[in-house]
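Undergrad: Enclosed is the structure file upload_35.txt (compact mmCIF, C-alpha atoms).
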```txt
# COMPACT_ATOMS: atom_id res chain seq x y z
CA MET A 1 173.15 198.13 16.46
CA PHE A 2 171.42 201.35 15.48
CA ASN A 3 168.27 202.38 13.67
CA VAL A 4 167.61 205.62 11.83
CA GLU A 5 163.98 206.20 11.01
CA ARG A 6 162.04 209.02 9.39
CA SER A 7 158.49 209.28 8.13
CA GLY A 8 157.16 211.39 5.28
CA THR A 9 155.07 210.12 2.42
CA GLU A 10 156.85 206.85 3.14
CA VAL A 11 158.49 205.40 6.24
CA ARG A 12 162.21 204.81 5.75
CA LYS A 13 164.28 202.94 8.28
CA LEU A 14 167.99 202.13 8.19
CA SER A 15 169.06 199.29 10.49
CA TYR A 16 172.61 198.35 11.34
CA LYS A 17 173.55 194.98 12.76
CA ASP A 18 176.95 194.98 14.40
CA ASP A 19 177.19 191.17 14.50
CA LYS A 20 177.20 191.08 10.69
CA CYS A 21 179.54 194.05 10.23
CA VAL A 22 183.17 193.23 9.46
CA GLY A 23 184.47 196.79 9.73
CA CYS A 24 185.43 197.06 6.06
CA GLY A 25 184.31 200.66 5.67
CA ILE A 26 182.56 200.12 2.33
CA CYS A 27 179.46 201.88 3.69
CA THR A 28 181.44 204.92 4.80
CA ASP A 29 183.13 205.00 1.37
CA VAL A 30 179.82 205.24 -0.48
CA CYS A 31 177.78 207.41 1.91
CA PRO A 32 177.01 210.60 -0.07
CA THR A 33 176.42 212.69 3.06
CA SER A 34 179.38 211.39 5.11
CA SER A 35 176.94 210.38 7.82
CA LEU A 36 178.53 207.03 8.52
CA ARG A 37 181.71 206.73 10.49
CA LEU A 38 183.97 203.73 10.92
CA GLY A 39 185.06 203.29 14.53
CA PRO A 40 188.47 202.22 15.81
CA THR A 41 188.52 198.75 14.26
CA VAL A 42 191.74 197.48 15.82
CA PRO A 43 190.89 198.29 19.47
CA ILE A 44 187.40 196.87 18.88
CA ALA A 45 188.80 193.67 17.34
CA ARG A 46 191.13 193.29 20.31
CA GLY A 47 188.31 193.78 22.78
CA LEU A 48 189.82 196.97 24.25
CA ILE A 49 186.74 199.02 23.41
CA GLU A 50 183.19 197.82 23.29
CA MET A 51 181.30 199.74 20.64
CA ASP A 52 179.74 199.29 17.21
CA LEU A 53 182.16 199.23 14.30
CA VAL A 54 180.04 201.75 12.41
CA SER A 55 178.08 204.71 13.73
CA CYS A 56 175.65 207.02 11.96
CA ASN A 57 174.83 210.68 12.31
CA ALA A 58 171.05 210.44 12.19
CA ASP A 59 170.72 214.18 11.61
CA SER A 60 172.60 214.16 8.32
CA CYS A 61 171.61 210.71 7.02
CA VAL A 62 169.14 211.08 4.14
CA LEU A 63 168.11 207.41 4.22
CA CYS A 64 168.99 206.93 0.56
CA GLY A 65 169.97 203.28 1.01
CA LEU A 66 173.31 203.38 -0.81
CA CYS A 67 175.10 201.94 2.22
CA SER A 68 172.64 199.09 2.51
CA VAL A 69 173.02 198.00 -1.12
CA ALA A 70 176.80 198.43 -1.02
CA CYS A 71 177.33 196.35 2.13
CA PRO A 72 178.22 192.85 0.88
CA PHE A 73 177.58 191.41 4.34
CA ASP A 74 173.98 192.50 5.03
CA ALA A 75 175.02 194.56 8.03
CA LEU A 76 172.97 197.53 6.87
CA SER A 77 169.47 197.36 5.52
CA LEU A 78 167.06 200.04 4.48
CA THR A 79 163.37 199.37 4.53
CA ILE A 80 160.73 201.52 2.83
CA ASP A 81 157.29 201.09 4.37
CA GLY A 82 158.55 197.92 6.01
CA GLU A 83 159.96 196.29 2.86
CA ASP A 84 163.69 195.68 2.53
CA ILE A 85 164.98 197.45 -0.59
CA GLY A 86 167.09 194.38 -1.36
CA GLU A 87 163.85 192.48 -2.01
CA MET A 88 162.26 195.13 -4.21
CA GLY A 89 163.80 194.19 -7.55
CA ASN A 90 164.71 197.69 -8.70
CA TYR A 91 167.61 198.11 -6.28
CA PRO A 92 171.12 196.66 -6.77
CA ASN A 93 171.85 193.16 -5.50
CA TRP A 94 174.97 191.26 -4.59
CA GLU A 95 175.24 188.10 -6.65
CA THR A 96 177.48 186.46 -4.09
CA GLU A 97 176.94 182.82 -3.30
CA CYS A 98 177.67 180.37 -0.53
CA VAL A 99 176.11 176.98 -1.09
CA ILE A 100 176.82 173.44 0.01
CA ASN A 101 175.65 170.82 -2.45
CA GLU A 102 174.16 168.20 -0.14
CA ASP A 103 174.30 165.53 -2.85
CA GLU A 104 178.08 165.84 -2.90
CA CYS A 105 178.68 166.51 0.81
CA ILE A 106 180.13 163.59 2.76
CA TYR A 107 179.64 165.32 6.13
CA CYS A 108 183.31 165.24 7.05
CA GLY A 109 182.89 168.51 8.94
CA ARG A 110 186.09 170.18 7.77
CA CYS A 111 184.26 173.28 6.52
CA TYR A 112 182.51 173.63 9.86
CA LYS A 113 185.84 173.60 11.69
CA VAL A 114 187.60 176.18 9.49
CA CYS A 115 184.79 178.71 9.04
CA PRO A 116 186.03 181.94 10.65
CA ARG A 117 182.48 183.25 11.12
CA ASP A 118 180.78 180.13 12.52
CA ALA A 119 178.45 180.44 9.54
CA ILE A 120 178.10 176.74 8.83
CA ILE A 121 175.31 174.82 10.44
CA PHE A 122 176.44 171.23 10.59
CA GLU A 123 175.26 168.02 12.12
CA ARG A 124 175.65 164.39 11.19
CA THR A 125 174.50 161.03 12.38
CA LEU A 126 177.16 158.35 12.47
CA PRO A 127 176.18 154.68 12.33
CA GLU A 128 176.42 152.68 15.52
CA ARG A 129 179.67 150.80 15.97
CA LYS A 130 177.86 147.49 16.20
CA GLU A 131 176.74 147.95 12.60
CA LEU A 132 180.38 147.90 11.52
CA VAL A 133 181.73 144.99 13.57
CA ARG A 134 180.51 141.46 14.08
CA GLY A 135 181.33 138.96 16.75
CA GLU A 136 180.26 137.12 19.84
CA ILE A 137 181.32 137.42 23.44
CA SER A 138 180.22 135.60 26.56
CA ILE A 139 181.46 135.42 30.11
CA ASP A 140 181.13 132.34 32.26
CA LYS A 141 180.00 133.87 35.53
CA ASP A 142 180.75 130.70 37.48
CA GLU A 143 184.40 130.95 36.48
CA CYS A 144 184.74 134.75 36.70
CA ILE A 145 186.50 135.98 39.83
CA TYR A 146 185.70 139.66 39.13
CA CYS A 147 189.35 140.64 39.15
CA SER A 148 188.70 143.45 36.62
CA PHE A 149 191.80 142.68 34.54
CA CYS A 150 189.56 142.64 31.48
CA ALA A 151 187.76 145.89 32.37
CA ASP A 152 191.03 147.71 33.10
CA LEU A 153 192.60 146.62 29.84
CA CYS A 154 189.61 146.82 27.50
CA PRO A 155 190.64 149.45 24.89
CA ALA A 156 187.00 150.26 24.17
CA GLU A 157 186.07 150.57 27.86
CA ALA A 158 183.21 148.23 27.14
CA ILE A 159 183.42 146.11 30.31
CA THR A 160 182.00 147.13 33.66
CA VAL A 161 182.79 145.10 36.78
CA ASN A 162 181.01 145.95 40.01
CA ASN A 163 181.90 144.68 43.45
CA VAL A 164 179.26 145.96 45.81
CA PRO A 165 179.57 144.84 49.46
CA THR A 166 176.28 143.92 51.07
CA SER A 167 175.27 144.24 54.70
CA SER A 168 176.78 140.89 55.50
CA VAL A 169 180.55 141.45 55.46
CA ASP A 170 181.61 138.39 53.61
CA VAL A 171 179.10 138.52 50.79
CA ILE A 172 179.80 140.70 47.80
CA ASN A 173 177.38 141.34 44.98
CA ASN A 174 179.48 140.97 41.89
CA SER A 175 178.51 141.76 38.36
CA ILE A 176 180.23 141.93 35.01
CA GLU A 177 178.68 143.44 31.88
CA VAL A 178 179.89 143.94 28.34
CA ASP A 179 178.45 146.87 26.41
CA LEU A 180 178.01 145.49 22.91
CA ASP A 181 177.78 148.99 21.44
CA LYS A 182 181.38 149.53 22.49
CA CYS A 183 182.92 146.05 22.13
CA VAL A 184 184.92 145.52 18.94
CA PHE A 185 185.74 141.89 19.64
CA CYS A 186 189.46 142.50 19.81
CA GLY A 187 190.08 139.66 22.26
CA VAL A 188 192.20 141.52 24.84
CA CYS A 189 189.81 140.46 27.63
CA LYS A 190 189.97 136.81 26.62
CA ARG A 191 193.76 136.82 26.59
CA VAL A 192 194.13 138.53 29.96
CA CYS A 193 191.49 136.50 31.86
CA PRO A 194 193.26 134.32 34.48
CA GLN A 195 190.23 132.01 34.65
CA ASN A 196 189.59 131.47 30.93
CA ALA A 197 186.07 132.68 31.69
CA ILE A 198 185.68 134.75 28.52
CA LYS A 199 184.73 133.33 25.16
CA GLU A 200 185.11 135.77 22.30
CA VAL A 201 184.91 135.29 18.55
CA CYS A 202 185.51 138.07 16.08
CA SER A 203 183.68 137.44 12.84
CA THR A 204 184.35 140.86 11.32
CA CYS A 205 187.22 139.62 9.21
CA MET A 206 185.35 136.66 7.80
CA LEU A 207 182.18 138.64 7.24
CA GLN A 208 183.58 141.97 6.22
CA ASP A 209 182.26 141.71 2.69
CA GLU A 210 178.80 141.11 4.05
CA ILE A 211 178.85 144.12 6.32
CA LYS A 212 177.12 146.86 4.44
CA VAL A 213 178.87 150.21 4.24
CA PRO A 214 176.53 152.31 6.30
CA GLU A 215 175.31 155.64 5.02
CA ILE A 216 176.38 158.71 6.93
CA VAL A 217 173.60 161.23 6.92
CA GLY A 218 173.50 164.80 8.10
CA ASP A 219 172.75 168.40 7.46
CA ALA A 220 175.20 171.04 6.30
CA PHE A 221 174.39 174.49 5.10
CA ILE A 222 175.86 177.95 5.18
CA SER A 223 173.96 180.71 6.90
CA LYS A 224 174.11 183.46 4.27
CA GLY A 225 173.72 186.18 6.85
CA SER A 226 176.89 185.15 8.69
CA CYS A 227 179.02 184.12 5.69
CA VAL A 228 181.61 186.61 4.47
CA ASN A 229 182.46 184.61 1.32
CA CYS A 230 186.05 183.96 2.33
CA SER A 231 186.19 180.52 0.62
CA TRP A 232 187.88 178.69 3.48
CA CYS A 233 185.15 176.03 3.32
CA SER A 234 185.27 175.52 -0.43
CA GLU A 235 189.07 175.45 -0.48
CA ILE A 236 189.19 172.78 2.24
CA CYS A 237 186.25 170.65 1.05
CA PRO A 238 187.65 167.26 -0.11
CA VAL A 239 184.77 166.60 -2.50
CA ASP A 240 184.29 170.07 -3.99
CA ALA A 241 180.77 170.29 -2.64
CA ILE A 242 180.86 174.00 -1.82
CA THR A 243 180.38 176.93 -4.17
CA ILE A 244 181.47 180.37 -3.01
CA THR A 245 181.21 183.47 -5.15
CA LYS A 246 183.17 186.31 -3.66
CA PRO A 247 181.95 189.92 -3.80
CA PHE A 248 185.08 191.25 -5.50
CA ASP A 249 187.88 190.21 -7.83
CA GLY A 250 191.22 191.92 -7.50
CA THR A 251 194.49 191.99 -5.64
CA LEU A 252 195.84 192.96 -2.25
CA GLU A 253 199.52 193.66 -1.83
CA VAL A 254 201.87 194.94 0.80
CA VAL A 255 204.03 197.69 -0.66
CA GLU A 256 206.79 198.67 1.74
CA ASN A 257 208.87 201.81 1.46
CA GLU A 258 212.08 201.42 3.46
CA ALA A 259 213.24 204.95 2.72
CA GLU A 260 210.14 206.39 4.39
CA GLU A 261 210.28 203.71 7.10
CA LYS A 262 206.95 202.35 5.97
CA VAL A 263 207.49 198.66 6.66
CA CYS A 264 205.35 195.86 8.01
CA LYS A 265 206.04 195.33 11.72
CA GLY A 266 204.47 191.88 11.75
CA ASP A 267 204.39 190.43 15.26
CA ALA A 268 204.62 193.85 16.94
CA CYS A 269 201.50 195.14 15.19
CA HIS A 270 199.36 192.40 13.54
CA ALA A 271 196.49 194.88 13.18
CA CYS A 272 195.56 193.40 9.78
CA GLN A 273 195.38 189.91 11.23
CA ASP A 274 193.17 191.06 14.10
CA VAL A 275 190.59 192.82 11.93
CA CYS A 276 190.50 190.32 9.04
CA PRO A 277 187.06 188.68 9.05
CA CYS A 278 188.34 185.90 6.80
CA ASN A 279 191.25 184.61 8.85
CA ALA A 280 193.33 185.20 5.70
CA VAL A 281 196.31 186.91 7.34
CA GLU A 282 199.17 185.12 9.01
CA ILE A 283 202.42 186.55 10.35
CA VAL A 284 205.23 184.66 8.62
CA ASP A 285 208.87 185.50 9.43
CA GLY A 286 207.82 188.76 11.06
CA LYS A 287 205.69 189.98 8.15
CA ALA A 288 201.98 189.88 7.45
CA ASP A 289 201.20 187.33 4.79
CA THR A 290 197.76 187.48 3.20
CA ASN A 291 196.42 184.40 1.47
CA LEU A 292 194.25 185.73 -1.34
CA ASP A 293 192.48 182.38 -1.65
CA PHE A 294 190.74 183.20 1.62
CA CYS A 295 190.56 187.01 1.28
CA ASN A 296 187.27 188.60 0.22
CA LEU A 297 188.92 191.96 -0.59
CA CYS A 298 186.70 193.72 1.94
CA GLY A 299 189.44 196.19 2.81
CA ALA A 300 189.18 196.05 6.62
CA CYS A 301 192.94 195.55 6.87
CA ILE A 302 193.66 198.55 4.65
CA THR A 303 192.24 201.03 7.16
CA ALA A 304 193.61 199.09 10.13
CA CYS A 305 197.25 199.14 8.96
CA PRO A 306 199.02 201.97 10.80
CA GLN A 307 201.82 201.93 8.24
CA ASN A 308 199.36 202.42 5.41
CA ILE A 309 201.26 199.97 3.23
CA ARG A 310 198.48 197.63 2.22
CA VAL A 311 197.25 198.26 -1.29
CA LEU A 312 193.88 196.93 -2.38
CA ASN A 313 192.92 196.93 -6.03
CA ARG A 314 189.45 195.67 -6.83
CA THR A 315 188.94 194.95 -10.52
CA ALA A 316 185.36 193.67 -10.58
CA MET A 317 182.41 193.25 -8.27
CA LYS A 318 179.34 191.06 -8.17
CA LEU A 319 176.94 193.92 -7.51
CA ASP A 320 174.33 193.82 -10.24
CA ASN A 321 171.13 195.59 -11.19
CA ILE A 322 172.42 199.12 -10.69
CA ASN A 323 169.76 201.18 -12.43
CA SER A 324 170.72 204.72 -11.57
CA GLU A 325 173.61 206.54 -13.18
CA SER A 326 174.62 208.40 -10.05
CA TRP A 327 174.49 205.23 -7.95
CA ASP A 328 176.49 203.42 -10.62
CA GLU A 329 179.19 206.07 -10.35
CA ILE A 330 179.32 205.96 -6.56
CA LEU A 331 179.18 202.16 -6.29
CA ASN A 332 181.82 201.75 -8.97
CA SER A 333 184.13 203.92 -6.91
CA LEU A 334 184.61 200.78 -4.81
CA LEU A 335 186.64 199.43 -7.70
CA GLY A 336 190.19 200.55 -8.42
CA GLY A 337 192.99 201.19 -5.98
CA LYS A 338 192.62 201.94 -2.30
CA MET B 339 212.86 205.37 17.07
CA ALA B 340 209.89 205.88 19.33
CA VAL B 341 207.08 208.40 19.47
CA ASN B 342 206.31 211.77 21.03
CA ILE B 343 203.33 212.33 23.26
CA ASP B 344 201.81 215.82 23.23
CA SER B 345 200.88 216.25 26.87
CA ASP B 346 198.48 219.09 26.08
CA LYS B 347 196.38 216.80 23.90
CA CYS B 348 196.82 213.61 25.94
CA GLY B 349 193.95 212.62 28.20
CA HIS B 350 196.43 211.41 30.86
CA ILE B 351 194.72 208.06 31.51
CA GLU B 352 192.02 209.65 33.67
CA ASN B 353 190.49 211.71 30.88
CA CYS B 354 191.31 209.32 28.05
CA PRO B 355 188.07 207.86 26.63
CA VAL B 356 189.57 204.41 26.97
CA GLN B 357 191.74 205.04 30.06
CA GLY B 358 194.99 204.56 28.27
CA LEU B 359 194.23 203.01 24.91
CA CYS B 360 197.83 203.48 23.76
CA VAL B 361 199.11 201.59 26.81
CA LYS B 362 196.64 198.78 26.16
CA ILE B 363 197.24 198.52 22.42
CA CYS B 364 201.05 198.51 22.60
CA GLU B 365 202.10 194.89 22.88
CA GLN B 366 205.79 195.82 23.13
CA GLY B 367 205.31 197.36 26.56
CA ALA B 368 206.79 200.61 25.22
CA LEU B 369 204.01 202.71 26.66
CA VAL B 370 203.40 202.42 30.38
CA GLU B 371 201.27 204.11 32.95
CA GLU B 372 203.21 206.04 35.57
CA ASP B 373 201.51 208.19 38.22
CA GLY B 374 198.38 208.55 36.09
CA ASP B 375 200.32 209.56 33.03
CA VAL B 376 201.66 207.80 29.94
CA LYS B 377 205.37 207.24 29.77
CA ILE B 378 207.31 206.01 26.77
CA ILE B 379 210.18 203.54 27.00
CA PRO B 380 211.97 204.24 23.67
CA GLU B 381 214.12 201.07 23.74
CA LYS B 382 211.01 198.94 23.61
CA CYS B 383 209.24 200.83 20.81
CA ASP B 384 209.13 198.96 17.52
CA ASP B 385 207.74 201.89 15.49
CA CYS B 386 204.62 200.03 14.52
CA ASP B 387 202.62 203.27 14.84
CA LEU B 388 199.53 201.52 16.21
CA CYS B 389 199.38 204.01 19.08
CA ILE B 390 199.66 206.96 16.68
CA GLN B 391 196.82 205.67 14.58
CA ASN B 392 194.51 204.75 17.43
CA CYS B 393 195.00 207.56 19.98
CA PRO B 394 191.52 209.04 20.43
CA ASN B 395 193.07 212.47 21.13
CA GLN B 396 195.61 212.37 18.32
CA ALA B 397 198.25 213.19 20.91
CA ILE B 398 200.92 210.81 19.62
CA SER B 399 203.23 211.51 16.71
CA LYS B 400 206.41 210.10 15.24
CA ALA B 401 209.56 211.19 17.07
```
As structure tokens, what does this structure read like?
TA:
Amino acid sequence: MFNVERSGTEVRKLSYKDDKCVGCGICTDVCPTSSLRLGPTVPIARGLIEMDLVSCNADSCVLCGLCSVACPFDALSLTIDGEDIGEMGNYPNWETECVINEDECIYCGRCYKVCPRDAIIFERTLPERKELVRGEISIDKDECIYCSFCADLCPAEAITVNNVPTSSVDVINNSIEVDLDKCVFCGVCKRVCPQNAIKEVCSTCMLQDEIKVPEIVGDAFISKGSCVNCSWCSEICPVDAITITKPFDGTLEVVENEAEEKVCKGDACHACQDVCPCNAVEIVDGKADTNLDFCNLCGACITACPQNIRVLNRTAMKLDNINSESWDEILNSLLGGK
Amino acid sequence: MAVNIDSDKCGHIENCPVQGLCVKICEQGALVEEDGDVKIIPEKCDDCDLCIQNCPNQAISKA
């Protein structure tokens, strides 16, 4: 987290948020004054060093804002007189997208579990069990000997038997209760009762057509500020309810050169896997394997690879509204090989 | 196989900004601390070059 601020006819302030930064180095690539520096991403990712991924030389920074428009992850923002340049309309904007269509969402929660950035806010309300099962159960307390066979065997743990001794040694306060929210009328208790004290009827089977399918309601949305557009959620969604637009199109390859001993060391190194914000890299048979379905082509792994054998080639980007020729030239330098 | 450590450039654990980043980053156990200095065990080195790339003093190079 750093801020660079300077006042003249207008007040310009550049803010960096380390929690949003993925260490891709796009900002350092576009900085016209080389004021931004990418830190040691691998030791930081492994927790060996605690520091920001990006640092800025406040003396040389001219507060132009190129880094803040180029960052696809909102880690840098420039404000002029308090207003974010991203909101101003005349500055470039990323047309990336991460949306869950709540009409389609069935609240299964798979996206929430796979998101590598914990960017999905998810909660759901399940119906109560008793809305899905029907039946009747009663216990004849005159017959019950409070042996607890039923409670010990109840698969739903719905039966509670208490034997509480009172002050008089030979009197015990016994109780037996069935929690109808848990009971599914399976009949185990009835079958195990040595006293035939339990009467249980399951009417679920007979009535199943009458039992309404309950609606599962919830909330699911993606926090844009935390999302890195990796597509894990949309790839795993069983009902295609999620739309992700990635910042770049292109390819990422590993090009080894055995003659120069430039080969992937896989398990020994796994630097790419450690820095990848998308969880897109896996070590398979001793080599790094990148699944481009989940990769956002940010390039963090390119700088992290000590063998320098990862080749990124961006062919298009979703950065629109570039109105200045010089900015267009600099921002378009993000395309092509790296 | 293995790497060379330039002892003039090396921070010798004590003066290393991370107190032995190369030792910490090497998961092969090829770089160890011995009497406040970094020692290389060549048999264990897998030539991944992580230490070369991440040494804050640029003291490590390919053997």
Undergrad: Hey, list the chain B side of the contact with chain A: 9 Å cut-off, only C-alpha atoms, answer as a PDB file with C-alpha atoms, keeping the file's coordinate frame.
TA:
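Saved result, result07.pdb, follows:
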```pdb
ATOM      1  CA  VAL B 356     189.570 204.410  26.970  1.00  0.00           C
ATOM      2  CA  LEU B 359     194.230 203.010  24.910  1.00  0.00           C
ATOM      3  CA  LYS B 362     196.640 198.780  26.160  1.00  0.00           C
ATOM      4  CA  ILE B 363     197.240 198.520  22.420  1.00  0.00           C
ATOM      5  CA  CYS B 364     201.050 198.510  22.600  1.00  0.00           C
ATOM      6  CA  GLU B 365     202.100 194.890  22.880  1.00  0.00           C
ATOM      7  CA  GLN B 366     205.790 195.820  23.130  1.00  0.00           C
ATOM      8  CA  ASP B 384     209.130 198.960  17.520  1.00  0.00           C
ATOM      9  CA  ASP B 385     207.740 201.890  15.490  1.00  0.00           C
ATOM     10  CA  CYS B 386     204.620 200.030  14.520  1.00  0.00           C
ATOM     11  CA  ASP B 387     202.620 203.270  14.840  1.00  0.00           C
ATOM     12  CA  LEU B 388     199.530 201.520  16.210  1.00  0.00           C
ATOM     13  CA  CYS B 389     199.380 204.010  19.080  1.00  0.00           C
ATOM     14  CA  ILE B 390     199.660 206.960  16.680  1.00  0.00           C
ATOM     15  CA  GLN B 391     196.820 205.670  14.580  1.00  0.00           C
ATOM     16  CA  ASN B 392     194.510 204.750  17.430  1.00  0.00           C
ATOM     17  CA  PRO B 394     191.520 209.040  20.430  1.00  0.00           C
TER      18      PRO B 394
END
```
Undergrad: Pick from A:Ile26, A:Cys150, A:Ala45, A:Ile145: nearest to Asn174 of chain A, with all atoms listed in the file counted?
TA: A:Ile145
Undergrad: Provide the atom CA of Ile236 of chain A to atom CA of Val114 of chain A distance in Å, to one decimal place.
TA: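 Interatomic distance here is 8.2 Å.
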Undergrad: Within 9 Å of Ser175 of chain A, counting all atoms listed in the file, which residues show up once you throw out same-chain ones fewer than 3 positions away? Write them as a ChimeraX atom specification, please.
TA: /A:141,146,160-164
Undergrad: Kindly save the residues from that selection, with C-alpha atoms included, as a PDB file, keeping the file's coordinate frame.
TA:
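In the end it all went to selection-v9.pdb:
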```
ATOM      1  CA  LYS A 141     180.000 133.870  35.530  1.00  0.00           C
ATOM      2  CA  TYR A 146     185.700 139.660  39.130  1.00  0.00           C
ATOM      3  CA  THR A 160     182.000 147.130  33.660  1.00  0.00           C
ATOM      4  CA  VAL A 161     182.790 145.100  36.780  1.00  0.00           C
ATOM      5  CA  ASN A 162     181.010 145.950  40.010  1.00  0.00           C
ATOM      6  CA  ASN A 163     181.900 144.680  43.450  1.00  0.00           C
ATOM      7  CA  VAL A 164     179.260 145.960  45.810  1.00  0.00           C
TER       8      VAL A 164
END
```
Undergrad: Could the centre and edge lengths of an axis-aligned box, enclosing all atoms of segment 358-371 of chain B in the file with 3 Å extra on each side, be given in Å to one decimal as lines of an AutoDock Vina configuration file?
TA:
```
center_x = 200.5
center_y = 199.7
center_z = 27.7
size_x = 18.6
size_y = 15.7
size_z = 16.5
```
